[in-house]
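To start, the structure under review is shown below, and the notes come after it.
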Amino acid sequence: MRSLFGLLAAALAFAPLPLYAQRLPTLVTPDHYDLAFAVDLAHNRFDGTETIKVRTTEPTSRVVLHALEITFHEVTIGTGAAAQKATVALDDSAQTATLTVAKPIARGSTEIHIRYTGILNDKLRGFYTSKGPHRSYAVTQFESTDARRAFPCFDEPAFKATFAVKLTIDRGDTAFSNGKLLSDTPGPSSAQHTMAFAPTPKMSTYLVAMAVGDFQCLDGAAENVPIRICATPDKKALGQIALDAAQDILRFYNRYFGIKYPFGKLDVLAVPDFAAGAMENTAAIFYREADLLADAKTASVETRKNIASVLAHEMAHQWFGDLVTMQWWDDIWLNEGFATWMANKPLDAGHADWNVSVDEAAETQRALSIDSLKATRPIHSDVATPAQIDEAFDAIAYEKGAAVLRMIEHYVGADTFKKGVNAYLAAHAYQNATSEDFSKAIASTSGKPVERILPTFVNQPGVPLIDVSDLSCDAAANETRATFAQSRFLVGDSTAAAGRWQVPICVAGQKDAADSCHLLTDVRQTVPVAKGCASWIFANAGARGYYRTAYSPAMLKAMAPHIEGELTPAERLSLVDDEWALVRAGRHSAADYLTLVTAFGRERTSVILSEIIGHLNFIHDYLATPEQAPKLETFVRSLLRATLDELGFSPAASDGDDRRALRAGIVSALGRTGNDPDVIAKSRAALDRSLQGGAPLEASVAAAVTSVAAGHGDRKLFDALVAGSERASDPEERYRTLSALAAFRDPALIDRGLQMVLTPQVRTQDASLQLARFLGNPAARAKAWTFIKANWAALKPKVAIFGGDTNLVAALGSFCDAQARDDIKAFFGAHPLPAAARTLDQTLERIDNCVAIRSAQAGNVSAWLARR
Ligand SMILES: [Zn+2]
């Protein structure tokens, strides 16, 4: 699945259940499901007929399987003369149905027949109703534990089986599922037709997919695999970017993987309401519209990159997740970490000017940030309840998982790693696997101690901090040595905490020196790091290591002249983020960080600048007093204005993607943090022109310009944006304007924007994201929180969807005072969100950290600004 923020995380809320309390017994296992659905969209319901072929390992008169919001009509177990009626006992809290027969079922194979009715719900999970502009659609989202809402089943990833799906639907509609279409016949009534799909290969229940409606598709193919990009009829034409990308990605994966795309066809479908970003159902990937569809003539770099990136993620899942599936949800990183790691490869191969290696370094930073909290979790974490499983789809599973894979890949070598990955896939195809299975595969291919390294990153929480010191030259041996010491890094805590990892530390630095890796196994080790006498080193080559680095002041000083010319962009990014993290931890001064930033005035990599700008925003909003804020704004202008003057406010036709992205970042920073009157005026003028039917905004700067203008905008602009968002025909434009509505500072306009979240103008899938935007706006933050509390009864159903709860709770981490902290804690104590319990702990910890850093660093910022 593709989450929205990479911030999703959660834990158990109510009574702690014994672990595995909800696991099914393994006495009876499924081999095959025949599933027939008659879908009644007009009444939001369906009738189901199901046959499950099962095997039993010993005689039993009870079969326990999962079922939720299912009404059973008739259940029989056995075939022919041996068939007997079963009684059904439902357990809503365990989400199970126990089928009981009078005479024990013999050991061996048998069949379960079930006739039942289900509902098409409005919760965006299970089999649900998705509302388009003119009609409703029936679609599924089963990951993690919601297949049981559509058909009674053994709803755990290790119960793999084959599935043959048949859908009876209205005559004018079409349907999609995992298998190829086998037949399409009229009936049973004159207003219906029935589509039968080919049986799937062996797979888990959470990957079964169905969609019903008047969807239309663009057709393509790659490597003899038919590919369709489908959407509601009004948006069919917006699928071309995705179709081109999907074809390229499939060709790339067929070269990388030893097993070619195994599922025969690939359908990719955008649906109007979808809680996650996208879902990797086997051969039938489902999406929210904004992540798949865009106008090929106007789409920005960011949007084209996002479409390719999410597609590459979901398509990577066809191998990592669909073909080889984690044994249980405690190893969800084997799906999400792998898909996140893999998705960058086809993008990098196809687009040199997308700077994918810098995006990877930024991805690692998102993991390091959450993993530097006490309320983090290990990659491999026990989970039992559906809420715990939902919350495990977090930055630890995705970004930390991917970062650890990159580290191991760099350490053993990309070709060796690829062989190991392919050996792992071949050994477990159509089956399940664990973290240990993967460690063993890479260890045996590489001959390196991966099975000792990986568990230290997978089974324990947190980030190693590597202190680098004592750089010295041994002239006799013609080598340079350095001392590495490890401890656990925690933000908001300057004392070293316990923790021991096996860390591959790869050193870059001297231009001619080849990267050299050392395995740090002890708390402290002195090792040779370079040939000859090096005056400086950088102890995280390519930013591929999953750790933070702290250099002695002397070493930082020696490195300084080399940062611009000799560190790669990814390395520069990790340096500024590590230094900022050390400020957050109270080990370095915010004043020294600001001095470091002055050296980045000529930085041209947009992602690095946007990290720095994020830190300057933090200093502006939390560490500088209102009186000092203008001085910091002047500093931001002095840092960035020259670059904008060189780039120009409007793009030249010859500008590449990286130059366009850089301009957008700088316009946004100057307009917001820099409070630059010229940028603000130009943004407003350009936006007014486009809203009045003049020249449309240039794609790459459109979001920045709109948000800057809104940040300084009046009622007239607000009204024009509301009208624009309703008119918008493509998702990019619609979300750009929706997002800008949360950027206004006028209290009356903030109120109006918040009220919209209660209306259908803000879809359920977007509600928590929109509230998060208000919480990110310092002028709107307090109002947004008051609004959320006052309207909780109406908001909760919109927020409590997959990822919605965690996004909202994470966004509350932007508060920076003890009173808000206590209020947030009390509110969610009284109104618990079970799938955001760990996220709440993280949010409270972030607020505490912010309060602490403000008291520790505000004086340093003040003194630094006074000196300018
Ligand atoms: Zn995923």
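Every chain in the structure tokens has a letter given in the order shown (A, B, ...), and although residue numbers restart at 1 in each chain, ligands are simply numbered from 1 in the order shown.
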
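Looking only at region 117-170 of chain A, the set that DSSP places in strand (DSSP E) from backbone geometry is Thr117, Gly118, Ile119, Gly126, Phe127, Tyr128, Thr129, Ser130, Lys131, Ser136, Tyr137, Ala138, Val139, Thr140, Gln141, Thr162, Phe163, Ala164, Val165, Lys166, Leu167, Thr168, Ile169 and Asp170 of chain A.
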
Problem - Nearby polymer residues, ligand 1, at most 6 Å, only C-alpha atoms and all ligand atoms, as a ChimeraX atom specification - result: /A:1-2,336

Report as a JSON list (two decimals) with N, CA, C and O atoms, in the first residue's frame all protein, DNA and RNA residues lying within 9 Å of region 27-36 of chain A, evaluated on only C-alpha atoms, omitting residues in the same chain fewer than 3 positions from it.
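Dumped everything to part-v8.json:
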```json
[["chain", "number", "residue", "atom", "x", "y", "z"],
["A", 24, "LEU", "N", -6.29, -17.16, 13.77],
["A", 24, "LEU", "CA", -7.14, -18.33, 13.55],
["A", 24, "LEU", "C", -6.37, -19.60, 13.89],
["A", 24, "LEU", "O", -5.15, -19.66, 13.75],
["A", 47, "ASP", "N", -25.27, -9.79, -2.62],
["A", 47, "ASP", "CA", -25.48, -11.18, -2.22],
["A", 47, "ASP", "C", -24.25, -11.96, -2.59],
["A", 47, "ASP", "O", -23.70, -11.79, -3.69],
["A", 48, "GLY", "N", -23.82, -12.84, -1.69],
["A", 48, "GLY", "CA", -22.61, -13.62, -1.95],
["A", 48, "GLY", "C", -22.88, -15.11, -1.90],
["A", 48, "GLY", "O", -23.67, -15.59, -1.08],
["A", 49, "THR", "N", -22.25, -15.83, -2.82],
["A", 49, "THR", "CA", -22.28, -17.29, -2.80],
["A", 49, "THR", "C", -20.84, -17.75, -2.84],
["A", 49, "THR", "O", -20.08, -17.32, -3.72],
["A", 50, "GLU", "N", -20.47, -18.60, -1.91],
["A", 50, "GLU", "CA", -19.06, -18.91, -1.74],
["A", 50, "GLU", "C", -18.85, -20.41, -1.53],
["A", 50, "GLU", "O", -19.60, -21.04, -0.80],
["A", 51, "THR", "N", -17.85, -20.95, -2.22],
["A", 51, "THR", "CA", -17.40, -22.30, -1.92],
["A", 51, "THR", "C", -15.92, -22.23, -1.59],
["A", 51, "THR", "O", -15.13, -21.69, -2.37],
["A", 52, "ILE", "N", -15.55, -22.73, -0.41],
["A", 52, "ILE", "CA", -14.13, -22.77, -0.04],
["A", 52, "ILE", "C", -13.69, -24.23, 0.01],
["A", 52, "ILE", "O", -14.27, -25.03, 0.74],
["A", 53, "LYS", "N", -12.70, -24.56, -0.81],
["A", 53, "LYS", "CA", -12.11, -25.91, -0.72],
["A", 53, "LYS", "C", -11.04, -25.86, 0.37],
["A", 53, "LYS", "O", -10.11, -25.05, 0.28],
["A", 54, "VAL", "N", -11.20, -26.71, 1.37],
["A", 54, "VAL", "CA", -10.27, -26.66, 2.51],
["A", 54, "VAL", "C", -9.67, -28.03, 2.78],
["A", 54, "VAL", "O", -10.16, -29.06, 2.29],
["A", 55, "ARG", "N", -8.60, -28.03, 3.57],
["A", 55, "ARG", "CA", -8.02, -29.27, 4.06],
["A", 55, "ARG", "C", -8.00, -29.24, 5.58],
["A", 55, "ARG", "O", -7.74, -28.19, 6.17],
["A", 56, "THR", "N", -8.28, -30.38, 6.20],
["A", 56, "THR", "CA", -8.19, -30.44, 7.67],
["A", 56, "THR", "C", -7.12, -31.45, 8.04],
["A", 56, "THR", "O", -6.97, -32.48, 7.38],
["A", 57, "THR", "N", -6.36, -31.10, 9.09],
["A", 57, "THR", "CA", -5.26, -31.98, 9.49],
["A", 57, "THR", "C", -5.69, -33.04, 10.49],
["A", 57, "THR", "O", -4.99, -34.00, 10.73],
["A", 58, "GLU", "N", -6.86, -32.83, 11.11],
["A", 58, "GLU", "CA", -7.43, -33.87, 11.98],
["A", 58, "GLU", "C", -8.94, -33.70, 12.01],
["A", 58, "GLU", "O", -9.44, -32.62, 11.68],
["A", 59, "PRO", "N", -9.68, -34.73, 12.40],
["A", 59, "PRO", "CA", -11.14, -34.61, 12.40],
["A", 59, "PRO", "C", -11.59, -33.47, 13.32],
["A", 59, "PRO", "O", -11.02, -33.29, 14.40],
["A", 60, "THR", "N", -12.57, -32.70, 12.87],
["A", 60, "THR", "CA", -13.06, -31.59, 13.68],
["A", 60, "THR", "C", -14.51, -31.30, 13.33],
["A", 60, "THR", "O", -14.94, -31.52, 12.20],
["A", 63, "VAL", "N", -15.19, -25.11, 12.40],
["A", 63, "VAL", "CA", -14.31, -24.35, 11.52],
["A", 63, "VAL", "C", -14.43, -22.88, 11.93],
["A", 63, "VAL", "O", -15.53, -22.34, 11.96],
["A", 64, "VAL", "N", -13.28, -22.24, 12.25],
["A", 64, "VAL", "CA", -13.30, -20.82, 12.60],
["A", 64, "VAL", "C", -12.70, -20.03, 11.44],
["A", 64, "VAL", "O", -11.59, -20.33, 10.98],
["A", 151, "PHE", "N", -16.33, -11.32, 2.15],
["A", 151, "PHE", "CA", -16.65, -12.75, 2.12],
["A", 151, "PHE", "C", -16.00, -13.43, 3.32],
["A", 151, "PHE", "O", -14.90, -13.07, 3.72],
["A", 153, "CYS", "N", -13.75, -15.68, 5.29],
["A", 153, "CYS", "CA", -12.48, -16.19, 4.77],
["A", 153, "CYS", "C", -11.45, -16.34, 5.88],
["A", 153, "CYS", "O", -11.65, -15.87, 6.99],
["A", 154, "PHE", "N", -10.38, -17.04, 5.53],
["A", 154, "PHE", "CA", -9.25, -17.20, 6.44],
["A", 154, "PHE", "C", -8.35, -15.98, 6.18],
["A", 154, "PHE", "O", -7.44, -16.03, 5.36],
["A", 159, "PHE", "N", -2.51, -17.72, 4.98],
["A", 159, "PHE", "CA", -3.48, -18.66, 4.41],
["A", 159, "PHE", "C", -3.65, -18.37, 2.92],
["A", 159, "PHE", "O", -4.68, -17.85, 2.48],
["A", 160, "LYS", "N", -2.63, -18.69, 2.15],
["A", 160, "LYS", "CA", -2.72, -18.41, 0.71],
["A", 160, "LYS", "C", -3.61, -19.43, 0.01],
["A", 160, "LYS", "O", -3.64, -20.60, 0.40],
["A", 161, "ALA", "N", -4.31, -18.96, -0.99],
["A", 161, "ALA", "CA", -5.21, -19.84, -1.75],
["A", 161, "ALA", "C", -5.40, -19.25, -3.14],
["A", 161, "ALA", "O", -4.90, -18.16, -3.43],
["A", 162, "THR", "N", -6.11, -19.97, -4.00],
["A", 162, "THR", "CA", -6.48, -19.41, -5.30],
["A", 162, "THR", "C", -7.93, -18.92, -5.22],
["A", 162, "THR", "O", -8.71, -19.44, -4.42],
["A", 163, "PHE", "N", -8.26, -17.92, -6.06],
["A", 163, "PHE", "CA", -9.58, -17.28, -5.99],
["A", 163, "PHE", "C", -10.17, -17.18, -7.39],
["A", 163, "PHE", "O", -9.51, -16.67, -8.29],
["A", 164, "ALA", "N", -11.41, -17.67, -7.55],
["A", 164, "ALA", "CA", -12.12, -17.48, -8.83],
["A", 164, "ALA", "C", -13.33, -16.59, -8.54],
["A", 164, "ALA", "O", -14.21, -16.96, -7.76],
["A", 165, "VAL", "N", -13.34, -15.41, -9.14],
["A", 165, "VAL", "CA", -14.35, -14.40, -8.83],
["A", 165, "VAL", "C", -15.35, -14.26, -9.98],
["A", 165, "VAL", "O", -14.97, -14.26, -11.16],
["A", 166, "LYS", "N", -16.62, -14.17, -9.61],
["A", 166, "LYS", "CA", -17.69, -13.96, -10.59],
["A", 166, "LYS", "C", -18.52, -12.78, -10.08],
["A", 166, "LYS", "O", -18.88, -12.74, -8.91],
["A", 167, "LEU", "N", -18.80, -11.81, -10.97],
["A", 167, "LEU", "CA", -19.55, -10.62, -10.53],
["A", 167, "LEU", "C", -20.79, -10.44, -11.40],
["A", 167, "LEU", "O", -20.69, -10.35, -12.63],
["A", 168, "THR", "N", -21.96, -10.39, -10.75],
["A", 168, "THR", "CA", -23.20, -10.08, -11.46],
["A", 168, "THR", "C", -23.51, -8.61, -11.19],
["A", 168, "THR", "O", -23.64, -8.20, -10.04],
["A", 196, "ALA", "N", -17.11, -13.38, -15.41],
["A", 196, "ALA", "CA", -16.32, -14.39, -14.67],
["A", 196, "ALA", "C", -14.85, -14.17, -14.95],
["A", 196, "ALA", "O", -14.45, -13.97, -16.10],
["A", 199, "PRO", "N", -9.15, -17.89, -12.44],
["A", 199, "PRO", "CA", -8.63, -18.10, -11.08],
["A", 199, "PRO", "C", -7.25, -17.46, -10.94],
["A", 199, "PRO", "O", -6.47, -17.44, -11.87],
["A", 202, "LYS", "N", -1.84, -18.66, -6.34],
["A", 202, "LYS", "CA", -1.96, -18.69, -4.88],
["A", 202, "LYS", "C", -1.57, -17.34, -4.30],
["A", 202, "LYS", "O", -0.49, -16.82, -4.60]]
```

Handout entry: All residues 10 Å or closer to Ser439 (chain A), only C-alpha atoms, same chain fewer than 3 positions away omitted, as an MDAnalysis selection string
Key = chainID A and resid 420:421 424 434:436 442:444 449:455

Write to file, as a PDB file, in the first residue's frame, the residues of the selection just made, with C-alpha atoms.
```pdb
ATOM      1  CA  GLY A 420      20.377 -12.293  -3.082  1.00  0.00           C
ATOM      2  CA  VAL A 421      16.997 -10.617  -3.611  1.00  0.00           C
ATOM      3  CA  TYR A 424      14.919 -14.904  -1.842  1.00  0.00           C
ATOM      4  CA  THR A 434      10.163 -13.785   7.312  1.00  0.00           C
ATOM      5  CA  SER A 435      12.955 -11.294   8.000  1.00  0.00           C
ATOM      6  CA  GLU A 436      15.278 -14.217   8.796  1.00  0.00           C
ATOM      7  CA  ILE A 442      21.700 -12.058   1.362  1.00  0.00           C
ATOM      8  CA  ALA A 443      24.247 -13.558   3.747  1.00  0.00           C
ATOM      9  CA  SER A 444      24.652 -16.665   1.651  1.00  0.00           C
ATOM     10  CA  PRO A 449      27.727 -11.243   8.032  1.00  0.00           C
ATOM     11  CA  VAL A 450      24.344  -9.823   7.014  1.00  0.00           C
ATOM     12  CA  GLU A 451      22.511 -12.197   9.351  1.00  0.00           C
ATOM     13  CA  ARG A 452      24.345 -10.495  12.251  1.00  0.00           C
ATOM     14  CA  ILE A 453      23.913  -6.921  10.949  1.00  0.00           C
ATOM     15  CA  LEU A 454      20.247  -6.925   9.921  1.00  0.00           C
ATOM     16  CA  PRO A 455      18.698  -8.068  13.213  1.00  0.00           C
TER      17      PRO A 455
END
```

Practice task
Write down as a PyMOL selection string the residues of region 372-564 of chain A whose backbone DSSP state falls under helix (DSSP H, G or I).
Solution key: chain A and resi 386-391+396-412+414-428+435-446+450-458+541-543+553-564

Practice task
Identify, on the basis of only C-alpha atoms, every residue whose closest approach to Ser668 (chain A) does not exceed 12 Å; exclude the query and any residue fewer than 6 positions from it along the same chain; express the result as a count of residues only.
Solution key: 32

Exercise for the section: Considering only C-alpha atoms, state which residue in the set A:Asn281, A:Gln770, A:Gln365, A:Ser690 is at the smallest distance from Gly179 (chain A). Expected result: A:Asn281
